[in-house]
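Student: Input file: run.json. Contents: JSON, C-alpha atoms.
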```
[["chain", "number", "residue", "atom", "x", "y", "z"],
["A", 1, "ARG", "CA", 51.96, 97.95, 111.60],
["A", 2, "ALA", "CA", 55.42, 99.19, 110.54],
["A", 3, "ALA", "CA", 56.89, 98.31, 113.92],
["A", 4, "HIS", "CA", 55.37, 94.81, 113.67],
["A", 5, "LEU", "CA", 56.85, 94.25, 110.20],
["A", 6, "ALA", "CA", 60.21, 95.63, 111.27],
["A", 7, "SER", "CA", 60.29, 93.20, 114.18],
["A", 8, "ARG", "CA", 59.94, 90.39, 111.63],
["A", 9, "GLY", "CA", 62.99, 91.54, 109.71],
["A", 10, "CYS", "CA", 61.29, 93.55, 106.97],
["A", 11, "VAL", "CA", 63.40, 96.37, 105.56],
["A", 12, "PHE", "CA", 61.77, 99.60, 104.42],
["A", 13, "PRO", "CA", 63.20, 101.96, 101.79],
["A", 14, "PRO", "CA", 64.28, 105.32, 103.19],
["A", 15, "SER", "CA", 61.60, 107.98, 103.24],
["A", 16, "PHE", "CA", 61.97, 111.29, 101.42],
["A", 17, "ALA", "CA", 62.47, 113.02, 104.76],
["A", 18, "THR", "CA", 65.22, 110.57, 105.68],
["A", 19, "LEU", "CA", 67.04, 111.05, 102.38],
["A", 20, "ARG", "CA", 66.79, 114.83, 102.77],
["A", 21, "HIS", "CA", 68.20, 114.44, 106.28],
["A", 22, "LEU", "CA", 71.12, 112.44, 104.88],
["A", 23, "ALA", "CA", 71.80, 114.90, 102.08],
["A", 24, "ARG", "CA", 72.02, 117.80, 104.47],
["A", 25, "GLY", "CA", 74.34, 115.92, 106.79],
["A", 26, "ASN", "CA", 72.21, 116.82, 109.81],
["A", 27, "MET", "CA", 73.23, 113.62, 111.54],
["A", 28, "ALA", "CA", 76.84, 114.78, 111.71],
["A", 29, "SER", "CA", 78.01, 114.96, 115.29],
["A", 30, "ALA", "CA", 81.78, 115.20, 115.59],
["A", 31, "ALA", "CA", 84.93, 116.34, 113.85],
["A", 32, "TRP", "CA", 87.09, 113.73, 112.10],
["A", 33, "ASP", "CA", 90.48, 113.29, 113.77],
["A", 34, "GLY", "CA", 92.12, 110.60, 111.62],
["A", 35, "SER", "CA", 93.24, 108.56, 114.60],
["A", 36, "GLY", "CA", 93.73, 104.80, 114.49],
["A", 37, "THR", "CA", 95.08, 102.23, 112.07],
["A", 38, "GLN", "CA", 94.14, 101.70, 108.43],
["A", 39, "GLU", "CA", 91.78, 98.96, 109.57],
["A", 40, "ASP", "CA", 90.25, 101.26, 112.21],
["A", 41, "LEU", "CA", 89.49, 103.87, 109.54],
["A", 42, "MET", "CA", 88.05, 101.24, 107.19],
["A", 43, "ASN", "CA", 85.64, 100.11, 109.88],
["A", 44, "ARG", "CA", 84.81, 103.53, 111.36],
["A", 45, "ASP", "CA", 84.56, 105.95, 108.43],
["A", 46, "GLU", "CA", 81.33, 105.84, 106.44],
["A", 47, "CYS", "CA", 81.09, 106.51, 102.72],
["A", 48, "ILE", "CA", 78.13, 108.27, 101.10],
["A", 49, "LEU", "CA", 76.30, 105.70, 98.98],
["A", 50, "VAL", "CA", 74.65, 106.86, 95.75],
["A", 51, "ASP", "CA", 72.94, 105.49, 92.66],
["A", 52, "ALA", "CA", 74.17, 105.91, 89.09],
["A", 53, "SER", "CA", 72.59, 109.38, 88.92],
["A", 54, "ASP", "CA", 74.48, 110.42, 92.09],
["A", 55, "LYS", "CA", 71.36, 110.50, 94.26],
["A", 56, "ILE", "CA", 72.08, 109.58, 97.87],
["A", 57, "THR", "CA", 70.78, 106.15, 98.88],
["A", 58, "GLY", "CA", 72.42, 105.77, 102.29],
["A", 59, "HIS", "CA", 75.81, 105.30, 103.91],
["A", 60, "ASP", "CA", 78.07, 102.43, 104.92],
["A", 61, "THR", "CA", 81.59, 101.81, 106.18],
["A", 62, "LYS", "CA", 84.60, 102.00, 103.89],
["A", 63, "PHE", "CA", 85.10, 98.32, 104.70],
["A", 64, "ALA", "CA", 81.65, 97.34, 103.41],
["A", 65, "SER", "CA", 81.73, 99.76, 100.48],
["A", 66, "HIS", "CA", 85.03, 98.51, 99.04],
["A", 67, "ARG", "CA", 84.55, 94.73, 99.30],
["A", 68, "PHE", "CA", 84.29, 93.02, 95.90],
["A", 69, "VAL", "CA", 82.75, 89.78, 97.13],
["A", 70, "ASP", "CA", 79.83, 87.46, 96.43],
["A", 71, "GLY", "CA", 76.60, 89.40, 96.70],
["A", 72, "GLN", "CA", 78.27, 92.68, 95.76],
["A", 73, "PRO", "CA", 80.88, 91.85, 93.10],
["A", 74, "ASN", "CA", 81.34, 95.56, 92.31],
["A", 75, "GLY", "CA", 81.28, 96.83, 95.88],
["A", 76, "LYS", "CA", 78.90, 99.68, 96.71],
["A", 77, "LEU", "CA", 78.82, 102.83, 94.58],
["A", 78, "HIS", "CA", 79.90, 105.78, 96.71],
["A", 79, "ARG", "CA", 81.13, 109.35, 96.37],
["A", 80, "ALA", "CA", 84.81, 110.16, 96.08],
["A", 81, "PHE", "CA", 87.00, 113.07, 95.08],
["A", 82, "SER", "CA", 90.27, 113.43, 93.17],
["A", 83, "VAL", "CA", 92.43, 116.50, 93.82],
["A", 84, "PHE", "CA", 94.91, 117.76, 91.24],
["A", 85, "LEU", "CA", 97.17, 120.33, 92.90],
["A", 86, "PHE", "CA", 99.55, 122.49, 90.85],
["A", 87, "ASP", "CA", 102.42, 124.77, 91.87],
["A", 88, "LYS", "CA", 103.31, 128.24, 90.55],
["A", 89, "ASP", "CA", 105.19, 126.61, 87.64],
["A", 90, "ASN", "CA", 102.13, 124.53, 86.71],
["A", 91, "ARG", "CA", 103.71, 121.30, 87.89],
["A", 92, "LEU", "CA", 101.35, 118.64, 89.22],
["A", 93, "LEU", "CA", 101.91, 117.02, 92.61],
["A", 94, "LEU", "CA", 101.71, 113.22, 92.49],
["A", 95, "GLN", "CA", 101.76, 110.79, 95.38],
["A", 96, "GLN", "CA", 102.64, 107.14, 95.72],
["A", 97, "ARG", "CA", 100.23, 105.41, 98.06],
["A", 98, "ALA", "CA", 101.81, 103.65, 101.02],
["A", 99, "ALA", "CA", 102.65, 99.97, 100.68],
["A", 100, "SER", "CA", 100.65, 99.38, 103.86],
["A", 101, "LYS", "CA", 97.39, 100.71, 102.37],
["A", 102, "ILE", "CA", 94.63, 98.11, 102.33],
["A", 103, "THR", "CA", 93.38, 99.18, 98.90],
["A", 104, "PHE", "CA", 95.66, 99.90, 95.94],
["A", 105, "PRO", "CA", 98.98, 99.82, 97.83],
["A", 106, "SER", "CA", 102.14, 101.33, 96.30],
["A", 107, "VAL", "CA", 100.43, 102.78, 93.22],
["A", 108, "TRP", "CA", 101.19, 106.26, 91.91],
["A", 109, "THR", "CA", 98.24, 108.59, 91.55],
["A", 110, "ASN", "CA", 97.09, 112.21, 91.62],
["A", 111, "THR", "CA", 97.73, 114.54, 94.54],
["A", 112, "CYS", "CA", 95.01, 113.19, 96.80],
["A", 113, "CYS", "CA", 92.07, 110.88, 96.28],
["A", 114, "SER", "CA", 89.65, 109.83, 98.98],
["A", 115, "HIS", "CA", 86.03, 110.08, 100.10],
["A", 116, "PRO", "CA", 83.70, 112.67, 101.55],
["A", 117, "LEU", "CA", 82.33, 111.03, 104.67],
["A", 118, "PHE", "CA", 78.96, 110.75, 106.33],
["A", 119, "GLY", "CA", 78.45, 111.63, 109.97],
["A", 120, "TYR", "CA", 81.02, 114.33, 110.65],
["A", 121, "GLU", "CA", 80.88, 118.05, 111.29],
["A", 122, "PRO", "CA", 81.32, 120.19, 109.25],
["A", 123, "SER", "CA", 79.25, 118.13, 106.84],
["A", 124, "GLU", "CA", 80.87, 116.58, 103.78],
["A", 125, "VAL", "CA", 77.54, 115.55, 102.26],
["A", 126, "ASP", "CA", 76.70, 117.64, 99.20],
["A", 127, "THR", "CA", 73.08, 118.29, 98.28],
["A", 128, "ALA", "CA", 71.66, 118.23, 94.76],
["A", 129, "GLU", "CA", 71.69, 122.03, 94.90],
["A", 130, "ASP", "CA", 75.38, 122.06, 95.84],
["A", 131, "ILE", "CA", 76.19, 119.91, 92.82],
["A", 132, "ALA", "CA", 74.00, 121.83, 90.39],
["A", 133, "SER", "CA", 75.67, 125.11, 91.40],
["A", 134, "GLY", "CA", 79.18, 123.66, 91.24],
["A", 135, "SER", "CA", 79.92, 124.76, 94.80],
["A", 136, "VAL", "CA", 80.25, 121.19, 96.24],
["A", 137, "PRO", "CA", 81.31, 122.41, 99.72],
["A", 138, "GLY", "CA", 81.23, 118.87, 101.14],
["A", 139, "ALA", "CA", 83.71, 117.48, 98.61],
["A", 140, "LYS", "CA", 85.97, 120.51, 99.11],
["A", 141, "ARG", "CA", 85.92, 120.13, 102.91],
["A", 142, "ALA", "CA", 86.85, 116.47, 102.50],
["A", 143, "ALA", "CA", 89.69, 117.43, 100.15],
["A", 144, "ILE", "CA", 91.11, 119.95, 102.63],
["A", 145, "ARG", "CA", 90.85, 117.38, 105.43],
["A", 146, "LYS", "CA", 92.68, 114.68, 103.48],
["A", 147, "LEU", "CA", 95.37, 116.94, 102.01],
["A", 148, "GLN", "CA", 96.34, 117.70, 105.59],
["A", 149, "HIS", "CA", 96.04, 114.09, 106.74],
["A", 150, "GLU", "CA", 97.97, 112.52, 103.86],
["A", 151, "LEU", "CA", 100.46, 115.21, 102.85],
["A", 152, "GLY", "CA", 100.62, 117.57, 105.82],
["A", 153, "ILE", "CA", 99.34, 120.50, 103.74],
["A", 154, "ALA", "CA", 98.02, 123.25, 105.98],
["A", 155, "PRO", "CA", 94.32, 124.06, 105.40],
["A", 156, "ALA", "CA", 95.24, 127.76, 105.20],
["A", 157, "ASP", "CA", 97.33, 126.99, 102.09],
["A", 158, "VAL", "CA", 94.42, 125.31, 100.28],
["A", 159, "PRO", "CA", 91.40, 127.49, 101.09],
["A", 160, "HIS", "CA", 87.94, 126.40, 100.11],
["A", 161, "ASP", "CA", 87.50, 129.14, 97.49],
["A", 162, "LYS", "CA", 90.66, 128.17, 95.58],
["A", 163, "PHE", "CA", 89.27, 124.78, 94.53],
["A", 164, "LYS", "CA", 87.68, 124.44, 91.11],
["A", 165, "TYR", "CA", 85.15, 121.64, 90.66],
["A", 166, "LEU", "CA", 85.13, 120.42, 87.05],
["A", 167, "THR", "CA", 82.94, 117.35, 86.65],
["A", 168, "ARG", "CA", 82.10, 113.84, 87.86],
["A", 169, "LEU", "CA", 83.24, 110.40, 86.72],
["A", 170, "HIS", "CA", 81.58, 107.05, 87.41],
["A", 171, "TYR", "CA", 84.02, 104.15, 87.28],
["A", 172, "CYS", "CA", 84.50, 100.70, 88.76],
["A", 173, "ALA", "CA", 87.82, 98.86, 89.14],
["A", 174, "PRO", "CA", 88.96, 95.84, 91.14],
["A", 175, "ASP", "CA", 92.22, 96.10, 93.03],
["A", 176, "THR", "CA", 94.61, 94.01, 90.94],
["A", 177, "PHE", "CA", 97.56, 94.74, 93.24],
["A", 178, "ALA", "CA", 97.05, 91.83, 95.55],
["A", 179, "GLU", "CA", 99.58, 92.33, 98.35],
["A", 180, "ASN", "CA", 96.93, 93.12, 100.96],
["A", 181, "GLN", "CA", 93.94, 91.37, 99.39],
["A", 182, "THR", "CA", 93.53, 88.94, 102.27],
["A", 183, "LEU", "CA", 93.85, 91.60, 104.96],
["A", 184, "ALA", "CA", 90.67, 92.29, 106.92],
["A", 185, "GLY", "CA", 88.20, 90.76, 104.47],
["A", 186, "GLY", "CA", 89.15, 91.46, 100.83],
["A", 187, "PRO", "CA", 89.27, 91.26, 97.87],
["A", 188, "TRP", "CA", 88.84, 94.97, 97.35],
["A", 189, "GLY", "CA", 88.08, 97.49, 94.64],
["A", 190, "GLU", "CA", 86.72, 100.94, 93.93],
["A", 191, "HIS", "CA", 83.26, 101.80, 92.61],
["A", 192, "GLU", "CA", 83.06, 105.56, 92.74],
["A", 193, "MET", "CA", 81.25, 108.70, 91.76],
["A", 194, "ASP", "CA", 84.44, 110.75, 91.54],
["A", 195, "TYR", "CA", 84.38, 114.56, 91.88],
["A", 196, "ILE", "CA", 87.31, 116.21, 90.08],
["A", 197, "LEU", "CA", 88.86, 119.15, 91.95],
["A", 198, "PHE", "CA", 91.69, 121.37, 90.64],
["A", 199, "ILE", "CA", 93.63, 123.82, 92.78],
["A", 200, "LYS", "CA", 96.67, 126.06, 92.44],
["A", 201, "PRO", "CA", 97.60, 127.51, 95.84],
["A", 202, "SER", "CA", 98.71, 131.14, 96.04],
["A", 203, "VAL", "CA", 101.73, 130.37, 98.20],
["A", 204, "ASP", "CA", 105.15, 130.37, 96.51],
["A", 205, "TYR", "CA", 106.31, 127.34, 98.49],
["A", 206, "LEU", "CA", 103.92, 124.65, 99.67],
["A", 207, "LYS", "CA", 105.19, 122.82, 102.74],
["A", 208, "LEU", "CA", 104.67, 119.05, 102.55],
["A", 209, "LYS", "CA", 104.94, 116.53, 105.36],
["A", 210, "PRO", "CA", 103.72, 113.18, 103.99],
["A", 211, "ASN", "CA", 102.06, 110.81, 106.46],
["A", 212, "PRO", "CA", 103.98, 107.49, 106.20],
["A", 213, "ASP", "CA", 100.81, 105.53, 106.93],
["A", 214, "GLU", "CA", 99.27, 107.02, 103.79],
["A", 215, "VAL", "CA", 102.05, 108.05, 101.39],
["A", 216, "ASP", "CA", 105.38, 106.48, 100.43],
["A", 217, "ASP", "CA", 106.54, 109.25, 98.09],
["A", 218, "ALA", "CA", 105.49, 112.54, 96.51],
["A", 219, "LYS", "CA", 106.77, 114.21, 93.38],
["A", 220, "TRP", "CA", 106.17, 117.40, 91.38],
["A", 221, "VAL", "CA", 106.03, 116.71, 87.64],
["A", 222, "THR", "CA", 105.61, 118.54, 84.33],
["A", 223, "ARG", "CA", 103.35, 117.18, 81.60],
["A", 224, "ASP", "CA", 106.34, 115.66, 79.78],
["A", 225, "GLU", "CA", 107.69, 114.10, 82.98],
["A", 226, "LEU", "CA", 104.32, 112.52, 83.70],
["A", 227, "LYS", "CA", 104.23, 110.99, 80.22],
["A", 228, "GLU", "CA", 107.67, 109.48, 80.84],
["A", 229, "MET", "CA", 106.58, 108.10, 84.21],
["A", 230, "MET", "CA", 103.45, 106.55, 82.70],
["A", 231, "ASP", "CA", 105.33, 104.86, 79.88],
["A", 232, "PRO", "CA", 104.93, 101.09, 80.37],
["A", 233, "THR", "CA", 108.71, 100.66, 80.34],
["A", 234, "SER", "CA", 108.97, 102.68, 83.59],
["A", 235, "GLY", "CA", 107.68, 99.74, 85.61],
["A", 236, "LEU", "CA", 105.57, 102.05, 87.78],
["A", 237, "ARG", "CA", 102.10, 101.09, 88.91],
["A", 238, "TRP", "CA", 99.18, 103.53, 88.67],
["A", 239, "SER", "CA", 95.75, 103.78, 90.23],
["A", 240, "PRO", "CA", 92.95, 102.90, 87.80],
["A", 241, "TRP", "CA", 91.14, 106.19, 88.39],
["A", 242, "PHE", "CA", 94.26, 108.20, 87.56],
["A", 243, "ARG", "CA", 94.86, 106.16, 84.40],
["A", 244, "ILE", "CA", 91.31, 106.95, 83.29],
["A", 245, "ILE", "CA", 91.61, 110.66, 84.04],
["A", 246, "ALA", "CA", 95.10, 110.96, 82.54],
["A", 247, "GLY", "CA", 94.08, 109.09, 79.41],
["A", 248, "ARG", "CA", 90.82, 110.91, 78.71],
["A", 249, "PHE", "CA", 90.83, 114.35, 80.31],
["A", 250, "LEU", "CA", 94.00, 115.55, 82.04],
["A", 251, "ASP", "CA", 96.11, 116.71, 79.12],
["A", 252, "LYS", "CA", 93.34, 118.98, 77.82],
["A", 253, "TRP", "CA", 92.72, 120.48, 81.26],
["A", 254, "TRP", "CA", 96.40, 120.84, 82.15],
["A", 255, "GLY", "CA", 97.24, 122.36, 78.78],
["A", 256, "ASP", "CA", 94.72, 125.13, 79.44],
["A", 257, "LEU", "CA", 95.27, 125.33, 83.19],
["A", 258, "GLU", "CA", 94.61, 129.01, 83.80],
["A", 259, "SER", "CA", 91.27, 128.85, 81.98],
["A", 260, "CYS", "CA", 90.51, 125.65, 83.84],
["A", 261, "LEU", "CA", 91.07, 127.35, 87.19],
["A", 262, "GLU", "CA", 89.77, 130.86, 86.52],
["A", 263, "THR", "CA", 86.81, 130.33, 84.15],
["A", 264, "ASN", "CA", 84.04, 127.80, 83.55],
["A", 265, "LYS", "CA", 85.39, 126.82, 80.13],
["A", 266, "HIS", "CA", 86.08, 123.22, 81.21],
["A", 267, "VAL", "CA", 83.33, 122.91, 83.83],
["A", 268, "ASP", "CA", 80.66, 120.29, 83.11],
["A", 269, "LEU", "CA", 78.15, 120.18, 85.96],
["A", 270, "GLY", "CA", 75.44, 118.17, 84.27],
["A", 271, "THR", "CA", 77.37, 115.19, 82.90],
["A", 272, "ILE", "CA", 78.37, 112.09, 84.79],
["A", 273, "HIS", "CA", 81.10, 110.58, 82.63],
["A", 274, "GLU", "CA", 80.59, 106.80, 82.54],
["A", 275, "VAL", "CA", 84.10, 105.37, 82.22],
["A", 276, "MET", "CA", 83.43, 101.80, 83.23]]
```
Spell out the structure here as structure tokens.
Tutor:
Amino acid sequence: RAAHLASRGCVFPPSFATLRHLARGNMASAAWDGSGTQEDLMNRDECILVDASDKITGHDTKFASHRFVDGQPNGKLHRAFSVFLFDKDNRLLLQQRAASKITFPSVWTNTCCSHPLFGYEPSEVDTAEDIASGSVPGAKRAAIRKLQHELGIAPADVPHDKFKYLTRLHYCAPDTFAENQTLAGGPWGEHEMDYILFIKPSVDYLKLKPNPDEVDDAKWVTRDELKEMMDPTSGLRWSPWFRIIAGRFLDKWWGDLESCLETNKHVDLGTIHEVM
């Protein structure tokens, strides 16, 4: 009966067993190598799709997930992460996204922001238990992978256990920087369940080697220097997710950085902050 209906184009919702299979990442089969062009990655990498309560609903390509087009004017809600990396002097590392990026080119933003992916090993798909405990190993693995890919930061310098997961944000923002809007099927935007990760590596000097396909510039800043950079008169462009985080949360967290990193004072595991 099911096979007959499927042959006629009927689509069935995923079973509980299938969703559990997705959440555990058991379909992962290979390591991510980051090869190819921006368009290759958009069409090959698959985001983890979720609902507004962060329950996994499936997976789809970055290309499909980020299109703000008729039929899905807000794209497809998917998991993301935002890393805030600090040095021994409590300066924050910022990056300017490459002008060649398909989404949000040339904007300044936090250290690293990207997506945990479906279908790779080790798995980047966090379970409900991972989230409830605050361990989020999938998001942390994705962060380590992308810090190396975008900024050349060695995984040994940003070990899994040094990351502090704080909370989640749900936001949606079209890409208003239109340089690459017509490239490969835009317009584009972000609709994300964003996991906030803080880290302060133990090394005295963190070696950076930015990937020119991903990053145009990188800069260490103090809190006062960031405020100057974000002043409208600076003429700098900023990612919408960083503007939200900087405007609502960052100063409080940064001003109490040691507690933020070493205790659970600023950890909020149960709340999904709706910042639409």
Student: May I ask which of the residues A:Met193, A:Ile48, A:Leu94, A:Ala99 is the closest one to Glu225 of chain A, counting all atoms listed in the file?
Tutor: A:Leu94
Student: Restricting the calculation to only C-alpha atoms, which member of A:Arg79, A:Arg145, A:Lys88, A:Arg97 is positioned closest to Ser53 of chain A?
Tutor: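 The shortest atom-to-atom distance to Ser53 of chain A comes from A:Arg79.
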Student: Neighbourhood query: residues within 12 Å of (103.2, 124.2, 103.2), file coordinates, counting only C-alpha atoms; return as a list in words.
Tutor: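 Residues with an atom at most 12 Å from (103.2, 124.2, 103.2): Asp87, Leu147, Gln148, Leu151, Gly152, Ile153, Ala154, Pro155, Ala156, Asp157, Val158, Pro201, Ser202, Val203, Asp204, Tyr205, Leu206, Lys207, Leu208, Lys209 and Pro210 of chain A.
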Student: Can you spit out the residues from that selection as a tab-separated table (two decimals), keeping the file's coordinate frame, using C-alpha atoms?
Tutor:
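That gives us again-v8.tsv:
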```
chain	number	residue	atom	x	y	z
A	87	ASP	CA	102.42	124.77	91.87
A	147	LEU	CA	95.37	116.94	102.01
A	148	GLN	CA	96.34	117.70	105.59
A	151	LEU	CA	100.46	115.21	102.85
A	152	GLY	CA	100.62	117.57	105.82
A	153	ILE	CA	99.34	120.50	103.74
A	154	ALA	CA	98.02	123.25	105.98
A	155	PRO	CA	94.32	124.06	105.40
A	156	ALA	CA	95.24	127.76	105.20
A	157	ASP	CA	97.33	126.99	102.09
A	158	VAL	CA	94.42	125.31	100.28
A	201	PRO	CA	97.60	127.51	95.84
A	202	SER	CA	98.71	131.14	96.04
A	203	VAL	CA	101.73	130.37	98.20
A	204	ASP	CA	105.15	130.37	96.51
A	205	TYR	CA	106.31	127.34	98.49
A	206	LEU	CA	103.92	124.65	99.67
A	207	LYS	CA	105.19	122.82	102.74
A	208	LEU	CA	104.67	119.05	102.55
A	209	LYS	CA	104.94	116.53	105.36
A	210	PRO	CA	103.72	113.18	103.99
```
Student: With distances taken over only C-alpha atoms, which residue among A:Asp161, A:Asp175, A:Asp40, A:Glu150 lies nearest Ser135 of chain A?
Tutor: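 Closest to Ser135 of chain A of all the choices is A:Asp161.
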Student: Write out as JSON, numbers by chain the residues lying within 9 Å of Ser106 of chain A, counting only C-alpha atoms and excluding same-chain residues fewer than 4 positions away.
Tutor: {"A": [96, 97, 98, 99, 100, 101, 177, 215, 216, 237, 238]}
Student: Here is a test: counting only C-alpha atoms, which residue of A:Pro187, A:Lys265, A:Gly255, A:Ile245 is nearest to Gln72 of chain A?
Tutor: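 Comparing A:Pro187, A:Lys265, A:Gly255, A:Ile245 against Gln72 of chain A, the winner is A:Pro187.
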Student: Val136 of chain A: which residues within 12 Å, counting only C-alpha atoms, same-chain residues fewer than 4 positions away excluded, as a PDB file with C-alpha atoms, in the coordinates of the input?
Tutor:
```pdb
ATOM      1  CA  ARG A  79      81.130 109.350  96.370  1.00  0.00           C
ATOM      2  CA  ALA A  80      84.810 110.160  96.080  1.00  0.00           C
ATOM      3  CA  PHE A  81      87.000 113.070  95.080  1.00  0.00           C
ATOM      4  CA  PRO A 116      83.700 112.670 101.550  1.00  0.00           C
ATOM      5  CA  SER A 123      79.250 118.130 106.840  1.00  0.00           C
ATOM      6  CA  GLU A 124      80.870 116.580 103.780  1.00  0.00           C
ATOM      7  CA  VAL A 125      77.540 115.550 102.260  1.00  0.00           C
ATOM      8  CA  ASP A 126      76.700 117.640  99.200  1.00  0.00           C
ATOM      9  CA  THR A 127      73.080 118.290  98.280  1.00  0.00           C
ATOM     10  CA  ALA A 128      71.660 118.230  94.760  1.00  0.00           C
ATOM     11  CA  GLU A 129      71.690 122.030  94.900  1.00  0.00           C
ATOM     12  CA  ASP A 130      75.380 122.060  95.840  1.00  0.00           C
ATOM     13  CA  ILE A 131      76.190 119.910  92.820  1.00  0.00           C
ATOM     14  CA  ALA A 132      74.000 121.830  90.390  1.00  0.00           C
ATOM     15  CA  LYS A 140      85.970 120.510  99.110  1.00  0.00           C
ATOM     16  CA  ARG A 141      85.920 120.130 102.910  1.00  0.00           C
ATOM     17  CA  ALA A 142      86.850 116.470 102.500  1.00  0.00           C
ATOM     18  CA  ALA A 143      89.690 117.430 100.150  1.00  0.00           C
ATOM     19  CA  HIS A 160      87.940 126.400 100.110  1.00  0.00           C
ATOM     20  CA  ASP A 161      87.500 129.140  97.490  1.00  0.00           C
ATOM     21  CA  PHE A 163      89.270 124.780  94.530  1.00  0.00           C
ATOM     22  CA  LYS A 164      87.680 124.440  91.110  1.00  0.00           C
ATOM     23  CA  TYR A 165      85.150 121.640  90.660  1.00  0.00           C
ATOM     24  CA  LEU A 166      85.130 120.420  87.050  1.00  0.00           C
ATOM     25  CA  THR A 167      82.940 117.350  86.650  1.00  0.00           C
ATOM     26  CA  ARG A 168      82.100 113.840  87.860  1.00  0.00           C
ATOM     27  CA  TYR A 195      84.380 114.560  91.880  1.00  0.00           C
ATOM     28  CA  ILE A 196      87.310 116.210  90.080  1.00  0.00           C
ATOM     29  CA  LEU A 197      88.860 119.150  91.950  1.00  0.00           C
ATOM     30  CA  LEU A 269      78.150 120.180  85.960  1.00  0.00           C
TER      31      LEU A 269
END
```
Student: For Ser239 of chain A, which residue among A:Ile272, A:Leu93, A:Met42, A:Cys172 is the nearest when counting only C-alpha atoms?
Tutor: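 Between A:Ile272, A:Leu93, A:Met42, A:Cys172, the residue approaching Ser239 of chain A most closely is A:Cys172.
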Student: Between atom CA of His266 of chain A and atom CA of Pro232 of chain A, what distance in Å does the model show, to one decimal?
Tutor: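 Separation between atom CA of His266 of chain A and atom CA of Pro232 of chain A: 29.1 Å.
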Student: Would you mind reading off the distance between atom CA of Asp217 of chain A and atom CA of Pro137 of chain A, one decimal, in Å?
Tutor: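 Result for atom CA of Asp217 of chain A versus atom CA of Pro137 of chain A: 28.5 Å, one decimal.
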Student: Calculated over only C-alpha atoms, which of the candidates A:Asp70, A:Asp89, A:Glu46, A:Asp51 has the smallest distance to Leu257 of chain A?
Tutor: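 Smallest distance to Leu257 of chain A is found for A:Asp89.
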Student: Please rebuild segment 92-105 of chain A with N, CA and C atoms and give the result as a PDB file, in the frame of the given file.
Tutor:
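Below is the file that was written, selection.pdb:
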```pdb
ATOM      1  N   LEU A  92     102.356 119.397  88.486  1.00  0.00           N
ATOM      2  CA  LEU A  92     101.350 118.640  89.220  1.00  0.00           C
ATOM      3  C   LEU A  92     102.018 117.831  90.327  1.00  0.00           C
ATOM      4  N   LEU A  93     101.409 117.824  91.501  1.00  0.00           N
ATOM      5  CA  LEU A  93     101.910 117.020  92.610  1.00  0.00           C
ATOM      6  C   LEU A  93     101.278 115.635  92.557  1.00  0.00           C
ATOM      7  N   LEU A  94     102.133 114.612  92.454  1.00  0.00           N
ATOM      8  CA  LEU A  94     101.710 113.220  92.490  1.00  0.00           C
ATOM      9  C   LEU A  94     102.060 112.624  93.851  1.00  0.00           C
ATOM     10  N   GLN A  95     101.364 111.564  94.200  1.00  0.00           N
ATOM     11  CA  GLN A  95     101.760 110.790  95.380  1.00  0.00           C
ATOM     12  C   GLN A  95     101.798 109.315  95.037  1.00  0.00           C
ATOM     13  N   GLN A  96     102.649 108.593  95.769  1.00  0.00           N
ATOM     14  CA  GLN A  96     102.640 107.140  95.720  1.00  0.00           C
ATOM     15  C   GLN A  96     102.019 106.635  97.010  1.00  0.00           C
ATOM     16  N   ARG A  97     100.929 105.907  96.880  1.00  0.00           N
ATOM     17  CA  ARG A  97     100.230 105.410  98.060  1.00  0.00           C
ATOM     18  C   ARG A  97     101.120 104.452  98.847  1.00  0.00           C
ATOM     19  N   ALA A  98     100.963 104.461 100.147  1.00  0.00           N
ATOM     20  CA  ALA A  98     101.810 103.650 101.020  1.00  0.00           C
ATOM     21  C   ALA A  98     101.634 102.162 100.733  1.00  0.00           C
ATOM     22  N   ALA A  99     102.708 101.422 100.891  1.00  0.00           N
ATOM     23  CA  ALA A  99     102.650  99.970 100.680  1.00  0.00           C
ATOM     24  C   ALA A  99     101.739  99.297 101.689  1.00  0.00           C
ATOM     25  N   SER A 100     101.494  99.945 102.814  1.00  0.00           N
ATOM     26  CA  SER A 100     100.650  99.380 103.860  1.00  0.00           C
ATOM     27  C   SER A 100      99.167  99.650 103.660  1.00  0.00           C
ATOM     28  N   LYS A 101      98.804 100.424 102.624  1.00  0.00           N
ATOM     29  CA  LYS A 101      97.390 100.710 102.370  1.00  0.00           C
ATOM     30  C   LYS A 101      96.638  99.414 102.072  1.00  0.00           C
ATOM     31  N   ILE A 102      95.420  99.309 102.561  1.00  0.00           N
ATOM     32  CA  ILE A 102      94.630  98.110 102.330  1.00  0.00           C
ATOM     33  C   ILE A 102      94.185  98.030 100.877  1.00  0.00           C
ATOM     34  N   THR A 103      93.786  99.159 100.298  1.00  0.00           N
ATOM     35  CA  THR A 103      93.380  99.180  98.900  1.00  0.00           C
ATOM     36  C   THR A 103      94.425  99.902  98.056  1.00  0.00           C
ATOM     37  N   PHE A 104      94.739  99.330  96.928  1.00  0.00           N
ATOM     38  CA  PHE A 104      95.660  99.900  95.940  1.00  0.00           C
ATOM     39  C   PHE A 104      96.986 100.368  96.568  1.00  0.00           C
ATOM     40  N   PRO A 105      97.698  99.453  97.230  1.00  0.00           N
ATOM     41  CA  PRO A 105      98.980  99.820  97.830  1.00  0.00           C
ATOM     42  C   PRO A 105     100.048 100.096  96.775  1.00  0.00           C
TER      43      PRO A 105
END
```
